[in-house]
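Listing of model.cif, mmCIF, C-alpha atoms and all ligand atoms
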```
data_final
#
loop_
_atom_site.group_PDB
_atom_site.id
_atom_site.type_symbol
_atom_site.label_atom_id
_atom_site.label_comp_id
_atom_site.auth_asym_id
_atom_site.auth_seq_id
_atom_site.Cartn_x
_atom_site.Cartn_y
_atom_site.Cartn_z
ATOM 1 C CA MET A 1 2.377 142.821 173.297
ATOM 2 C CA PRO A 2 3.674 145.859 171.393
ATOM 3 C CA LEU A 3 6.963 147.400 172.426
ATOM 4 C CA HIS A 4 6.485 151.048 173.492
ATOM 5 C CA ARG A 5 9.127 153.769 173.476
ATOM 6 C CA THR A 6 9.037 157.019 175.423
ATOM 7 C CA GLU A 7 11.393 159.533 176.997
ATOM 8 C CA ALA A 8 11.612 158.994 180.758
ATOM 9 C CA ILE A 9 13.337 160.133 183.945
ATOM 10 C CA VAL A 10 14.113 157.652 186.712
ATOM 11 C CA ALA A 11 12.241 158.712 189.855
ATOM 12 C CA ARG A 12 12.959 155.667 192.037
ATOM 13 C CA SER A 13 14.941 152.478 191.602
ATOM 14 C CA MET A 14 15.055 149.567 194.011
ATOM 15 C CA ASP A 15 16.373 146.036 194.075
ATOM 16 C CA PHE A 16 13.604 143.500 193.839
ATOM 17 C CA SER A 17 15.339 140.143 193.840
ATOM 18 C CA GLU A 18 18.835 138.858 193.283
ATOM 19 C CA SER A 19 18.817 140.024 189.700
ATOM 20 C CA ASP A 20 15.800 142.314 189.121
ATOM 21 C CA LYS A 21 14.947 145.923 189.856
ATOM 22 C CA ILE A 22 11.626 147.729 190.191
ATOM 23 C CA VAL A 23 11.863 151.195 188.723
ATOM 24 C CA THR A 24 9.461 154.141 188.803
ATOM 25 C CA PHE A 25 9.747 156.533 185.875
ATOM 26 C CA PHE A 26 8.143 159.840 185.049
ATOM 27 C CA THR A 27 7.634 159.611 181.295
ATOM 28 C CA ARG A 28 6.777 162.061 178.545
ATOM 29 C CA GLY A 29 4.195 159.831 176.881
ATOM 30 C CA PHE A 30 2.670 157.738 179.697
ATOM 31 C CA GLY A 31 3.001 159.812 182.899
ATOM 32 C CA LYS A 32 4.148 157.927 186.003
ATOM 33 C CA LEU A 33 5.012 154.347 185.142
ATOM 34 C CA ARG A 34 6.352 151.504 187.259
ATOM 35 C CA GLY A 35 8.100 148.569 185.715
ATOM 36 C CA ILE A 36 10.259 145.557 186.393
ATOM 37 C CA ALA A 37 13.698 145.379 184.815
ATOM 38 C CA LYS A 38 14.478 141.668 184.676
ATOM 39 C CA GLY A 39 18.141 140.887 185.088
ATOM 40 C CA ALA A 40 18.978 144.598 185.561
ATOM 41 C CA LYS A 41 21.505 143.896 188.282
ATOM 42 C CA LYS A 42 23.457 141.642 185.922
ATOM 43 C CA SER A 43 22.812 142.869 182.376
ATOM 44 C CA LYS A 44 25.129 145.832 181.903
ATOM 45 C CA LYS A 45 24.515 145.607 178.173
ATOM 46 C CA ARG A 46 20.754 146.270 178.332
ATOM 47 C CA PHE A 47 20.738 148.785 181.161
ATOM 48 C CA GLY A 48 24.251 150.006 181.962
ATOM 49 C CA ASN A 49 23.788 152.740 184.587
ATOM 50 C CA SER A 50 20.567 154.003 182.979
ATOM 51 C CA LEU A 51 18.401 152.993 185.975
ATOM 52 C CA GLU A 52 20.166 155.352 188.398
ATOM 53 C CA LEU A 53 18.094 158.105 190.046
ATOM 54 C CA PHE A 54 17.478 161.137 187.736
ATOM 55 C CA SER A 55 18.744 159.372 184.574
ATOM 56 C CA HIS A 56 17.046 160.794 181.480
ATOM 57 C CA VAL A 57 16.564 157.878 179.102
ATOM 58 C CA ASN A 58 14.775 156.485 176.102
ATOM 59 C CA LEU A 59 12.676 153.774 177.716
ATOM 60 C CA PHE A 60 11.489 150.678 175.808
ATOM 61 C CA PHE A 61 8.838 148.632 177.594
ATOM 62 C CA PHE A 62 6.023 146.137 177.185
ATOM 63 C CA GLU A 63 2.667 147.022 178.706
ATOM 64 C CA LYS A 64 0.791 144.448 180.770
ATOM 65 C CA GLU A 65 -2.920 144.171 179.950
ATOM 66 C CA ASN A 66 -4.066 145.148 183.452
ATOM 67 C CA LEU A 67 -1.737 148.203 183.559
ATOM 68 C CA GLY A 68 0.206 146.709 186.464
ATOM 69 C CA LEU A 69 3.994 146.645 186.395
ATOM 70 C CA ALA A 70 5.300 147.215 182.885
ATOM 71 C CA ARG A 71 8.146 144.990 181.667
ATOM 72 C CA ILE A 72 11.159 147.130 180.945
ATOM 73 C CA ASN A 73 12.985 145.826 177.910
ATOM 74 C CA ASN A 74 15.921 148.231 177.772
ATOM 75 C CA CYS A 75 16.922 151.878 178.303
ATOM 76 C CA ASN A 76 19.250 154.114 176.326
ATOM 77 C CA MET A 77 20.810 156.957 178.266
ATOM 78 C CA ILE A 78 20.082 160.470 176.988
ATOM 79 C CA GLU A 79 21.641 162.343 179.950
ATOM 80 C CA ALA A 80 22.919 160.976 183.270
ATOM 81 C CA TYR A 81 23.099 164.362 185.075
ATOM 82 C CA ALA A 82 26.254 163.042 186.708
ATOM 83 C CA ARG A 83 27.053 166.269 188.590
ATOM 84 C CA ILE A 84 23.751 166.078 190.493
ATOM 85 C CA GLN A 85 24.767 162.705 191.942
ATOM 86 C CA LYS A 86 27.987 164.165 193.341
ATOM 87 C CA ASP A 87 26.396 167.056 195.250
ATOM 88 C CA ILE A 88 24.050 166.415 198.167
ATOM 89 C CA LYS A 89 22.366 169.835 197.713
ATOM 90 C CA LYS A 90 21.577 169.035 194.083
ATOM 91 C CA VAL A 91 20.329 165.558 195.015
ATOM 92 C CA ALA A 92 18.020 167.173 197.601
ATOM 93 C CA CYS A 93 16.733 169.629 195.017
ATOM 94 C CA GLY A 94 16.200 167.003 192.279
ATOM 95 C CA SER A 95 14.480 164.682 194.768
ATOM 96 C CA TYR A 96 12.148 167.523 195.681
ATOM 97 C CA PHE A 97 11.188 168.052 192.016
ATOM 98 C CA LEU A 98 10.357 164.337 191.739
ATOM 99 C CA GLU A 99 8.377 164.229 194.977
ATOM 100 C CA LEU A 100 6.302 167.248 193.952
ATOM 101 C CA ILE A 101 5.383 165.602 190.659
ATOM 102 C CA ASP A 102 4.665 162.333 192.432
ATOM 103 C CA GLY A 103 2.426 164.041 194.981
ATOM 104 C CA LEU A 104 0.544 166.331 192.600
ATOM 105 C CA MET A 105 -0.028 163.940 189.678
ATOM 106 C CA GLY A 106 -1.960 160.673 189.445
ATOM 107 C CA GLU A 107 -0.762 157.377 187.945
ATOM 108 C CA ARG A 108 -0.496 157.509 184.162
ATOM 109 C CA GLU A 109 -1.509 161.180 184.124
ATOM 110 C CA LYS A 110 0.626 162.432 181.276
ATOM 111 C CA ASN A 111 1.728 166.018 180.844
ATOM 112 C CA ALA A 112 4.460 166.701 178.304
ATOM 113 C CA ALA A 113 4.972 170.271 179.570
ATOM 114 C CA VAL A 114 5.648 169.015 183.122
ATOM 115 C CA PHE A 115 8.037 166.405 181.709
ATOM 116 C CA SER A 116 9.943 169.132 179.841
ATOM 117 C CA LEU A 117 10.030 171.305 182.984
ATOM 118 C CA LEU A 118 11.506 168.415 184.973
ATOM 119 C CA ALA A 119 14.134 167.582 182.332
ATOM 120 C CA ASP A 120 15.060 171.261 181.875
ATOM 121 C CA SER A 121 15.265 171.845 185.646
ATOM 122 C CA LEU A 122 17.486 168.794 186.216
ATOM 123 C CA SER A 123 19.668 169.929 183.345
ATOM 124 C CA LEU A 124 19.937 173.394 184.895
ATOM 125 C CA ILE A 125 20.924 172.216 188.393
ATOM 126 C CA ASN A 126 23.350 169.770 186.788
ATOM 127 C CA CYS A 127 25.166 172.668 185.095
ATOM 128 C CA GLN A 128 24.781 175.511 187.576
ATOM 129 C CA ASP A 129 24.456 176.229 191.248
ATOM 130 C CA LEU A 130 21.362 178.377 191.633
ATOM 131 C CA GLY A 131 20.776 177.792 195.339
ATOM 132 C CA THR A 132 17.208 177.285 196.464
ATOM 133 C CA GLY A 133 15.825 179.875 194.018
ATOM 134 C CA ILE A 134 15.458 177.048 191.503
ATOM 135 C CA ALA A 135 13.152 175.182 193.922
ATOM 136 C CA ARG A 136 10.844 178.237 194.003
ATOM 137 C CA ILE A 137 10.955 178.523 190.202
ATOM 138 C CA PHE A 138 10.089 174.836 189.826
ATOM 139 C CA GLU A 139 7.258 175.086 192.370
ATOM 140 C CA ILE A 140 5.508 178.041 190.779
ATOM 141 C CA ARG A 141 5.852 176.588 187.272
ATOM 142 C CA VAL A 142 4.743 173.038 188.109
ATOM 143 C CA LEU A 143 1.764 174.342 190.123
ATOM 144 C CA SER A 144 0.723 176.485 187.172
ATOM 145 C CA LEU A 145 1.117 173.682 184.612
ATOM 146 C CA LEU A 146 -1.018 171.363 186.735
ATOM 147 C CA GLY A 147 -3.840 173.863 187.256
ATOM 148 C CA TYR A 148 -3.052 174.792 190.877
ATOM 149 C CA GLN A 149 -1.800 178.242 189.915
ATOM 150 C CA PRO A 150 -1.920 180.515 192.969
ATOM 151 C CA GLN A 151 -3.450 183.964 192.426
ATOM 152 C CA LEU A 152 -0.558 186.437 192.588
ATOM 153 C CA GLU A 153 -1.919 189.416 190.684
ATOM 154 C CA ARG A 154 -4.987 190.553 192.641
ATOM 155 C CA CYS A 155 -6.572 190.283 196.079
ATOM 156 C CA LEU A 156 -8.649 187.104 196.320
ATOM 157 C CA VAL A 157 -11.339 188.928 198.308
ATOM 158 C CA CYS A 158 -11.812 192.380 196.762
ATOM 159 C CA GLY A 159 -9.933 191.997 193.475
ATOM 160 C CA GLN A 160 -7.563 194.899 194.080
ATOM 161 C CA MET A 161 -4.580 194.642 191.718
ATOM 162 C CA LEU A 162 -1.071 194.133 193.071
ATOM 163 C CA SER A 163 0.576 197.539 193.571
ATOM 164 C CA ASN A 164 3.339 199.178 195.535
ATOM 165 C CA LYS A 165 0.808 201.336 197.408
ATOM 166 C CA GLU A 166 -0.798 198.461 199.334
ATOM 167 C CA ARG A 167 0.586 195.734 201.582
ATOM 168 C CA PHE A 168 -0.251 192.155 200.545
ATOM 169 C CA TRP A 169 -0.308 188.808 202.329
ATOM 170 C CA PHE A 170 -0.338 185.280 200.954
ATOM 171 C CA SER A 171 -2.957 182.808 202.127
ATOM 172 C CA PRO A 172 -1.611 179.232 201.771
ATOM 173 C CA LEU A 173 -5.080 177.819 202.408
ATOM 174 C CA ARG A 174 -6.835 179.942 199.789
ATOM 175 C CA GLY A 175 -3.954 179.854 197.327
ATOM 176 C CA GLY A 176 -3.419 183.517 196.610
ATOM 177 C CA ILE A 177 -2.835 187.013 197.896
ATOM 178 C CA VAL A 178 -5.087 189.263 199.943
ATOM 179 C CA CYS A 179 -4.671 192.983 200.480
ATOM 180 C CA ASN A 180 -4.116 194.431 203.941
ATOM 181 C CA THR A 181 -7.710 195.691 204.201
ATOM 182 C CA CYS A 182 -9.106 192.197 203.548
ATOM 183 C CA SER A 183 -6.545 190.350 205.664
ATOM 184 C CA THR A 184 -8.414 190.185 208.972
ATOM 185 C CA ASN A 185 -9.967 186.895 210.129
ATOM 186 C CA LEU A 186 -8.435 184.885 207.283
ATOM 187 C CA GLY A 187 -6.336 182.481 209.377
ATOM 188 C CA LYS A 188 -2.631 182.007 208.793
ATOM 189 C CA LEU A 189 -1.164 184.468 206.310
ATOM 190 C CA SER A 190 2.422 184.933 205.133
ATOM 191 C CA PRO A 191 3.727 188.475 204.619
ATOM 192 C CA THR A 192 4.784 188.905 200.986
ATOM 193 C CA SER A 193 6.265 192.074 199.587
ATOM 194 C CA THR A 194 5.250 193.343 196.167
ATOM 195 C CA GLY A 195 8.831 192.701 195.000
ATOM 196 C CA THR A 196 8.619 189.013 195.943
ATOM 197 C CA LEU A 197 5.260 188.623 194.217
ATOM 198 C CA ARG A 198 6.555 190.250 191.034
ATOM 199 C CA MET A 199 9.576 187.928 191.169
ATOM 200 C CA LEU A 200 7.307 184.884 191.382
ATOM 201 C CA ILE A 201 5.174 186.136 188.486
ATOM 202 C CA LEU A 202 8.368 186.481 186.419
ATOM 203 C CA ALA A 203 9.588 183.022 187.509
ATOM 204 C CA ARG A 204 6.251 181.580 186.383
ATOM 205 C CA ASP A 205 5.924 183.395 183.054
ATOM 206 C CA MET A 206 9.379 183.944 181.562
ATOM 207 C CA GLU A 207 10.953 181.565 179.040
ATOM 208 C CA PHE A 208 12.600 178.719 180.925
ATOM 209 C CA LYS A 209 15.921 179.220 179.186
ATOM 210 C CA LYS A 210 16.151 182.664 180.854
ATOM 211 C CA VAL A 211 15.210 181.705 184.436
ATOM 212 C CA HIS A 212 18.837 181.201 185.472
ATOM 213 C CA ARG A 213 19.147 185.007 185.255
ATOM 214 C CA LEU A 214 16.681 185.520 188.125
ATOM 215 C CA VAL A 215 18.431 186.477 191.335
ATOM 216 C CA PHE A 216 16.280 186.184 194.457
ATOM 217 C CA SER A 217 17.122 188.500 197.345
ATOM 218 C CA LYS A 218 17.245 186.923 200.820
ATOM 219 C CA GLN A 219 13.872 188.482 201.576
ATOM 220 C CA ALA A 220 12.345 187.165 198.320
ATOM 221 C CA LEU A 221 13.703 183.676 199.026
ATOM 222 C CA ARG A 222 12.309 183.661 202.557
ATOM 223 C CA GLU A 223 8.898 185.056 201.633
ATOM 224 C CA SER A 224 8.425 182.908 198.527
ATOM 225 C CA GLU A 225 9.464 179.788 200.434
ATOM 226 C CA ASP A 226 6.913 180.507 203.179
ATOM 227 C CA ALA A 227 4.150 181.189 200.656
ATOM 228 C CA LEU A 228 4.759 178.358 198.197
ATOM 229 C CA THR A 229 5.725 175.579 200.586
ATOM 230 C CA GLY A 230 2.716 176.514 202.747
ATOM 231 C CA PHE A 231 0.462 176.307 199.694
ATOM 232 C CA ILE A 232 1.966 172.959 198.619
ATOM 233 C CA ARG A 233 1.481 171.521 202.118
ATOM 234 C CA CYS A 234 -2.201 172.490 201.888
ATOM 235 C CA GLN A 235 -2.569 170.930 198.415
ATOM 236 C CA MET A 236 -0.756 167.684 199.270
ATOM 237 C CA GLY A 237 -2.123 167.409 202.813
ATOM 238 C CA LYS A 238 1.406 166.901 204.185
ATOM 239 C CA GLU A 239 4.930 168.237 204.025
ATOM 240 C CA PRO A 240 6.939 166.358 201.388
ATOM 241 C CA ASN A 241 9.916 164.536 203.005
ATOM 242 C CA SER A 242 12.331 166.018 200.496
ATOM 243 C CA MET A 243 11.076 169.538 201.307
ATOM 244 C CA ARG A 244 12.180 168.978 204.893
ATOM 245 C CA PHE A 245 15.514 167.566 203.690
ATOM 246 C CA LEU A 246 16.098 170.522 201.377
ATOM 247 C CA LYS A 247 15.372 173.001 204.203
ATOM 248 C CA LYS A 248 17.744 171.158 206.539
ATOM 249 C CA ILE A 249 20.579 171.302 204.016
ATOM 250 C CA GLN A 250 19.879 174.961 203.330
ATOM 251 C CA ASN A 251 20.005 175.748 207.054
ATOM 252 C CA LEU A 252 23.348 173.932 207.410
ATOM 253 C CA ASP A 253 24.592 176.024 204.507
ATOM 254 C CA ASN A 254 23.499 179.255 206.171
ATOM 255 C CA MET A 255 25.391 178.322 209.354
ATOM 256 C CA VAL A 256 28.748 178.015 207.528
HETATM 257 ZN ZN ZN A 301 -8.698 193.042 199.248
#
```

Here is the file; what I need is its structure written in the form of structure tokens.
Amino acid sequence: MPLHRTEAIVARSMDFSESDKIVTFFTRGFGKLRGIAKGAKKSKKRFGNSLELFSHVNLFFFEKENLGLARINNCNMIEAYARIQKDIKKVACGSYFLELIDGLMGEREKNAAVFSLLADSLSLINCQDLGTGIARIFEIRVLSLLGYQPQLERCLVCGQMLSNKERFWFSPLRGGIVCNTCSTNLGKLSPTSTGTLRMLILARDMEFKKVHRLVFSKQALRESEDALTGFIRCQMGKEPNSMRFLKKIQNLDNMV
């Protein structure tokens, strides 16, 4: 059995027996990968704290022939994102990133761009407090990278381009915007101002290293949350648990 090495982020970690852990990683080279870390609860030398949630590591593992649980040999920490662990809002946000990837990607479906987005986004929330704007930025970028890109530039029905002269709505079911003229009899629609749509287009297209400069207005946050979380619910067939958790924390924050 050859020993493989890949960059990975710990998405879930649970005790399996007195000494072992079962860990789910999102990896750069192998997509989602589950493995058993023998002796992880005792061997500080091989694993240290590298199997904690969100840890960004170099993962060394042996592949089983039937692609079942991999055998994790050891992990070297690249970045622990320690400040995320100390802040419940950041934990909620990071957990949401992981649940979106888990829900939108299949086992062993690899996507290096999505891996980089996840690592960069965790790094960003570790360093800065961007509120829930970062959740919207992550959503629009991960959807686009995975081929679910919602149509934000033109009406899905008549093709009219986004402009300040017309009112637009977002259809979570159809995954894009419709102009006011075409908006009748289309089921549930979310009102979205042109400003919010332009903000989302920027959040999707600009270089990641500049996204921390984006400042969402209250209206843009509310409208983009309605549109994107509605669209994600339609794609995943359910509301992700961590989405609910994130909203709850945000609401508590707004009450203070
Ligand atoms: Zn139209």

Query - Shell of 8 Å around ligand ZN 301 (chain A) (all atoms listed in the file), written as a PyMOL selection string - result: chain A and resi 154-160+178-183

Requested in this report: For Val91 in chain A, please output as a ChimeraX atom specification all residues within 10 Å (counting all atoms listed in the file; exclusion window: fewer than 5 positions along the same chain).
Outcome: /A:53-54,83-86,96-97,122,125-126,242,246

Query - Residue contacts of Gly39 in chain A (9 Å, all atoms listed in the file) excluding same-chain residues fewer than 4 positions away, as a list in words - result: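 The filter keeps Glu18, Ser19, Asp20, Lys21 and Ser43 of chain A.
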
Report task. Give the answer as one residue: which of A:Lys64, A:Arg136, A:Arg198, A:Lys32 has the shortest atom-to-atom distance to Glu153 in chain A, using all atoms listed in the file? Result ->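 For Glu153 in chain A, the nearest of the given residues is A:Arg198.
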
Query raised in the report: Do you know which residues the PyMOL selection byres (((chain A and resi 199) around 12) and not hetatm) returns on this file, as a ChimeraX atom specification?
Result: /A:133,136-137,140,152-153,192-198,200-206,211,213-217,219-221,223-224

Write to file, as a PDB file, in the frame of the given file, the residues of the selection just made, with C-alpha atoms.
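Output contents, as saved in again_23.pdb:
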```
ATOM      1  CA  GLY A 133      15.825 179.875 194.018  1.00  0.00           C
ATOM      2  CA  ARG A 136      10.844 178.237 194.003  1.00  0.00           C
ATOM      3  CA  ILE A 137      10.955 178.523 190.202  1.00  0.00           C
ATOM      4  CA  ILE A 140       5.508 178.041 190.779  1.00  0.00           C
ATOM      5  CA  LEU A 152      -0.558 186.437 192.588  1.00  0.00           C
ATOM      6  CA  GLU A 153      -1.919 189.416 190.684  1.00  0.00           C
ATOM      7  CA  THR A 192       4.784 188.905 200.986  1.00  0.00           C
ATOM      8  CA  SER A 193       6.265 192.074 199.587  1.00  0.00           C
ATOM      9  CA  THR A 194       5.250 193.343 196.167  1.00  0.00           C
ATOM     10  CA  GLY A 195       8.831 192.701 195.000  1.00  0.00           C
ATOM     11  CA  THR A 196       8.619 189.013 195.943  1.00  0.00           C
ATOM     12  CA  LEU A 197       5.260 188.623 194.217  1.00  0.00           C
ATOM     13  CA  ARG A 198       6.555 190.250 191.034  1.00  0.00           C
ATOM     14  CA  LEU A 200       7.307 184.884 191.382  1.00  0.00           C
ATOM     15  CA  ILE A 201       5.174 186.136 188.486  1.00  0.00           C
ATOM     16  CA  LEU A 202       8.368 186.481 186.419  1.00  0.00           C
ATOM     17  CA  ALA A 203       9.588 183.022 187.509  1.00  0.00           C
ATOM     18  CA  ARG A 204       6.251 181.580 186.383  1.00  0.00           C
ATOM     19  CA  ASP A 205       5.924 183.395 183.054  1.00  0.00           C
ATOM     20  CA  MET A 206       9.379 183.944 181.562  1.00  0.00           C
ATOM     21  CA  VAL A 211      15.210 181.705 184.436  1.00  0.00           C
ATOM     22  CA  ARG A 213      19.147 185.007 185.255  1.00  0.00           C
ATOM     23  CA  LEU A 214      16.681 185.520 188.125  1.00  0.00           C
ATOM     24  CA  VAL A 215      18.431 186.477 191.335  1.00  0.00           C
ATOM     25  CA  PHE A 216      16.280 186.184 194.457  1.00  0.00           C
ATOM     26  CA  SER A 217      17.122 188.500 197.345  1.00  0.00           C
ATOM     27  CA  GLN A 219      13.872 188.482 201.576  1.00  0.00           C
ATOM     28  CA  ALA A 220      12.345 187.165 198.320  1.00  0.00           C
ATOM     29  CA  LEU A 221      13.703 183.676 199.026  1.00  0.00           C
ATOM     30  CA  GLU A 223       8.898 185.056 201.633  1.00  0.00           C
ATOM     31  CA  SER A 224       8.425 182.908 198.527  1.00  0.00           C
TER      32      SER A 224
END
```

Requested in this report: Between A:Ala135, A:Val57, A:Ile22, A:Leu228, single out the one closest to Ser95 in chain A, counting only C-alpha atoms.
Outcome: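 Using only C-alpha atoms, Ser95 in chain A sits closest to A:Ala135.
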
Report task. Write out as a VMD selection string each polymer residue whose atoms come within 10 Å of Leu117 in chain A, counting all atoms listed in the file; drop sequence neighbours fewer than 4 positions from it. Result -> chain A and resid 97 112 to 113 121 to 123 138 141 to 142 145 208

Please produce range 30-54 of chain A, completed to N, CA and C atoms, as a short mmCIF file (atom, residue, chain, number, x, y, z; two decimals), in the frame of the given file.
```cif
data_model
loop_
_atom_site.label_atom_id
_atom_site.label_comp_id
_atom_site.auth_asym_id
_atom_site.auth_seq_id
_atom_site.Cartn_x
_atom_site.Cartn_y
_atom_site.Cartn_z
N PHE A 30 3.56 158.60 178.91
CA PHE A 30 2.67 157.74 179.70
C PHE A 30 2.55 158.18 181.16
N GLY A 31 3.06 159.35 181.50
CA GLY A 31 3.00 159.81 182.90
C GLY A 31 3.86 158.94 183.80
N LYS A 32 3.39 158.76 185.06
CA LYS A 32 4.15 157.93 186.00
C LYS A 32 3.99 156.46 185.63
N LEU A 33 5.07 155.74 185.59
CA LEU A 33 5.01 154.35 185.14
C LEU A 33 5.99 153.52 185.97
N ARG A 34 5.48 152.39 186.48
CA ARG A 34 6.35 151.50 187.26
C ARG A 34 6.60 150.24 186.48
N GLY A 35 7.82 149.77 186.49
CA GLY A 35 8.10 148.57 185.72
C GLY A 35 9.17 147.72 186.36
N ILE A 36 9.23 146.47 185.90
CA ILE A 36 10.26 145.56 186.39
C ILE A 36 11.33 145.40 185.32
N ALA A 37 12.56 145.54 185.73
CA ALA A 37 13.70 145.38 184.82
C ALA A 37 14.35 144.04 185.16
N LYS A 38 13.98 143.03 184.40
CA LYS A 38 14.48 141.67 184.68
C LYS A 38 15.98 141.61 184.39
N GLY A 39 16.70 141.07 185.30
CA GLY A 39 18.14 140.89 185.09
C GLY A 39 18.94 142.18 185.13
N ALA A 40 18.31 143.28 185.62
CA ALA A 40 18.98 144.60 185.56
C ALA A 40 20.26 144.65 186.38
N LYS A 41 20.31 143.83 187.44
CA LYS A 41 21.50 143.90 188.28
C LYS A 41 22.69 143.18 187.64
N LYS A 42 22.37 142.38 186.57
CA LYS A 42 23.46 141.64 185.92
C LYS A 42 23.72 142.12 184.50
N SER A 43 22.64 142.55 183.79
CA SER A 43 22.81 142.87 182.38
C SER A 43 23.28 144.31 182.17
N LYS A 44 24.57 144.50 182.13
CA LYS A 44 25.13 145.83 181.90
C LYS A 44 24.84 146.27 180.47
N LYS A 45 24.69 145.28 179.59
CA LYS A 45 24.52 145.61 178.17
C LYS A 45 23.14 146.27 177.94
N ARG A 46 22.10 145.73 178.57
CA ARG A 46 20.75 146.27 178.33
C ARG A 46 20.50 147.55 179.13
N PHE A 47 21.09 147.66 180.29
CA PHE A 47 20.74 148.78 181.16
C PHE A 47 21.91 149.70 181.55
N GLY A 48 23.11 149.18 181.55
CA GLY A 48 24.25 150.01 181.96
C GLY A 48 23.94 150.69 183.28
N ASN A 49 24.16 152.01 183.36
CA ASN A 49 23.79 152.74 184.59
C ASN A 49 22.53 153.59 184.36
N SER A 50 21.72 153.18 183.37
CA SER A 50 20.57 154.00 182.98
C SER A 50 19.41 153.93 183.98
N LEU A 51 19.50 153.07 185.00
CA LEU A 51 18.40 152.99 185.98
C LEU A 51 18.74 153.73 187.27
N GLU A 52 19.81 154.53 187.23
CA GLU A 52 20.17 155.35 188.40
C GLU A 52 19.18 156.52 188.53
N LEU A 53 18.99 156.97 189.78
CA LEU A 53 18.09 158.10 190.05
C LEU A 53 18.43 159.30 189.14
N PHE A 54 17.41 159.94 188.60
CA PHE A 54 17.48 161.14 187.74
C PHE A 54 17.89 160.86 186.28
#
```
